[in-house]
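For reference, the structure discussed in these notes is given below.
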Amino acid sequence: MAAPDGSGPKAAGAAARVGGIGGVGLARGTGRAASNPGAACCSPAAMDMTEVLPDLHLLRFPFGHVYLWRDADAVTLIDTSVAGSAPAIAEGLRRLGRRPGDVRRVVLTHHHQDHAGSAAEIAAWGEAEVLAHRDDAPVVRGERPGAPPDFSDAPAWERELFENLPSLPPAPPCPVHRALVDGDVLDFAGGAVVVGAPGHTDGSIALHLPGPRVLVTGDAVAGADGRAILGVFNTDRARAIASLRRLAGLDVDVACFGHGEPVVGGAASALRDAAERAA
């Protein structure tokens with residue numbers, strides 16, 4: 001990833017301000033956490049909810065965002081934060097006049113524990129199906145571990161950032177009711193298109209909502225200092241850059257990231273700028 005402001009140490013500070021950017025503690029194996037940041041994340045008091053659009057809300061956690069889309073007859077969740085976050089997500093639903101039973105689907109942008117951590121808890125509510133890309137589905141199901149990040153082509157500050165982040169609780173294995181591929185269209189928001197965005201993980205996806213011109217990027221892209229940047233901690237940096245460039249070609253006005261604040265208005269330009277900086 002190109003440094004957000006052109007210098008390594010300053011870039012590290014910018015990335016840190018994203019708030020758990022890129023999948024904190026991913027594939028570090030133990031889920032150990034001396035200060036248990038996952039527990040702090042799971043408290044409803046730790047969750048802040050913001051309206052992005054009238055039908056789209058951001059549930060902001062210390063580690064890993066959750067996006068909630070409301071249709072007239074159902075709710076879709078995109079990602080689930082860390083394990084134990086389900087009560088806070090249920091509280092967010094109640095604030096919007098909805099119930100946990102209104103959730104019909106959970107779409108996982110990738111398998112990391114700050115995105116898939118509470119998927120099993122939410123699936124246990126009884127009505128929600130879980131969807132993930134076919135290349136990440138075996139990891140979500142607990143059939144194999146995910147690959148660790150590869151820092152061979154990454155800037156030094158990115159490795160340092162990763163090494164100094166706390167580990168998070170592992171994601172419990174969760175059934176995947178539908179394995180997704182690039183180009184699938186999901187039945188919410190007038191038709192949400194699955195966009196393959198490999199590089200962060202093999203099965204990373206973004207969701208393009210053409211009607212409202214929204215893109216939910218997962219960790220393929222992040223927000224830092226008010227702009228979009230290439231997501232960090234990638235398993236294949238070249239593929240991640242190629243995915244960013246593909247996303248930058250979409251017609252979107254709003255971009256919602258797995259970490260960092262959404263860009264509301266002019267998102268396509270912000271993504272193009274990020275793609276030009278990535279190298």
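Within each chain, counting starts at residue 1; across the structure tokens, chains are named A, B, ... in the order shown, with ligands numbered 1 upward in that order.
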What's around Gly265 of chain A at 6 Å? Count only C-alpha atoms, leave out sequence neighbours fewer than 2 positions away in its own chain, and write the answer as a VMD selection string.
chain A and resid 253 to 254 267
Residues as selected, C-alpha atoms, written as a tab-separated table (two decimals), in the first residue's frame, can you do that?
chain	number	residue	atom	x	y	z
A	253	ASP	CA	-21.46	7.77	-4.72
A	254	VAL	CA	-21.09	6.15	-1.28
A	267	ALA	CA	-16.90	7.97	-3.58
Taking the DSSP secondary structure from the backbone, can you list the residues of segment 62-102 of chain A that are helix (DSSP H, G or I), as a compact mmCIF listing (two decimals) with N, CA, C and O atoms, in the first residue's frame?
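Output (states30.txt):
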# COMPACT_ATOMS: atom_id res chain seq x y z
N ALA A 86 -23.17 -10.08 18.91
CA ALA A 86 -24.58 -10.23 18.54
C ALA A 86 -25.52 -9.43 19.43
O ALA A 86 -26.48 -8.82 18.92
N PRO A 87 -25.34 -9.38 20.77
CA PRO A 87 -26.25 -8.56 21.58
C PRO A 87 -26.24 -7.09 21.19
O PRO A 87 -27.29 -6.43 21.18
N ALA A 88 -25.06 -6.56 20.86
CA ALA A 88 -25.00 -5.16 20.44
C ALA A 88 -25.67 -4.96 19.09
O ALA A 88 -26.33 -3.94 18.86
N ILE A 89 -25.53 -5.92 18.18
CA ILE A 89 -26.21 -5.82 16.89
C ILE A 89 -27.72 -5.90 17.09
O ILE A 89 -28.48 -5.15 16.45
N ALA A 90 -28.17 -6.76 17.99
CA ALA A 90 -29.60 -6.85 18.29
C ALA A 90 -30.11 -5.52 18.85
O ALA A 90 -31.21 -5.08 18.53
N GLU A 91 -29.30 -4.88 19.68
CA GLU A 91 -29.69 -3.57 20.22
C GLU A 91 -29.81 -2.55 19.10
O GLU A 91 -30.73 -1.72 19.09
N GLY A 92 -28.89 -2.59 18.14
CA GLY A 92 -28.99 -1.68 17.00
C GLY A 92 -30.26 -1.90 16.21
O GLY A 92 -30.92 -0.95 15.78
N LEU A 93 -30.63 -3.16 16.03
CA LEU A 93 -31.90 -3.46 15.35
C LEU A 93 -33.08 -2.87 16.10
O LEU A 93 -33.98 -2.27 15.50
N ARG A 94 -33.07 -3.02 17.40
CA ARG A 94 -34.19 -2.50 18.20
C ARG A 94 -34.28 -0.98 18.11
O ARG A 94 -35.38 -0.41 18.07
N ARG A 95 -33.15 -0.32 18.05
CA ARG A 95 -33.17 1.15 17.92
C ARG A 95 -33.85 1.57 16.62
O ARG A 95 -34.40 2.68 16.53
N PRO A 100 -34.31 -9.09 15.98
CA PRO A 100 -33.34 -10.05 15.44
C PRO A 100 -33.95 -10.99 14.41
O PRO A 100 -33.30 -11.34 13.42
N GLY A 101 -35.20 -11.37 14.60
CA GLY A 101 -35.85 -12.26 13.65
C GLY A 101 -36.10 -11.65 12.29
O GLY A 101 -36.44 -12.36 11.33
N ASP A 102 -35.93 -10.32 12.16
CA ASP A 102 -36.09 -9.67 10.87
C ASP A 102 -34.87 -9.85 9.96
O ASP A 102 -34.94 -9.56 8.76
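For the atom pair formed by atom CA of Gly191 of chain A and atom CA of Leu209 of chain A, the distance is 6.6 Å, given to one decimal.
Reported to one decimal place, the separation of atom CA of Ser85 of chain A from atom CA of Leu59 of chain A is 10.5 Å.
All residues of protein, DNA or RNA that reach within 9 Å of Ala74 of chain A, judged by only C-alpha atoms and not counting those fewer than 4 positions away in the chain, are A:Trp69, A:Arg70, A:Gly101, A:Asp102, A:Val103, A:Arg104, A:Arg105, A:Phe188.
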Using only C-alpha atoms, which of A:Leu168, A:Val107, A:Leu247, A:Ala83 sits nearest Glu121 of chain A?
A:Ala83
I'd like the interatomic distance between atom CA of Ala206 of chain A and atom CA of Val139 of chain A, to a tenth of an Å.
17.9 Å
DSSP-assigned strand (DSSP E or B) among segment 116-276 of chain A, expressed as a PyMOL selection string
chain A and resi 129-133+178-180+185-186+192-196+205-209+214-216+221-224+227-230+254-256+263-264
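Nearest to Trp125 of chain A of all the residues A:Leu271, A:Ile241, A:Val106, A:Leu58 is A:Val106, counting only C-alpha atoms.
Proximity to His57 of chain A was assessed for A:Cys256, A:Ala154, A:Ala279, A:Ile122 counting only C-alpha atoms; the smallest distance is recorded for A:Cys256.
By chain and then residue number, the residues within 6 Å of Asn234 of chain A are Pro149, Gly199 and His200 of chain A, counting only C-alpha atoms and disregarding those fewer than 6 positions away in sequence.
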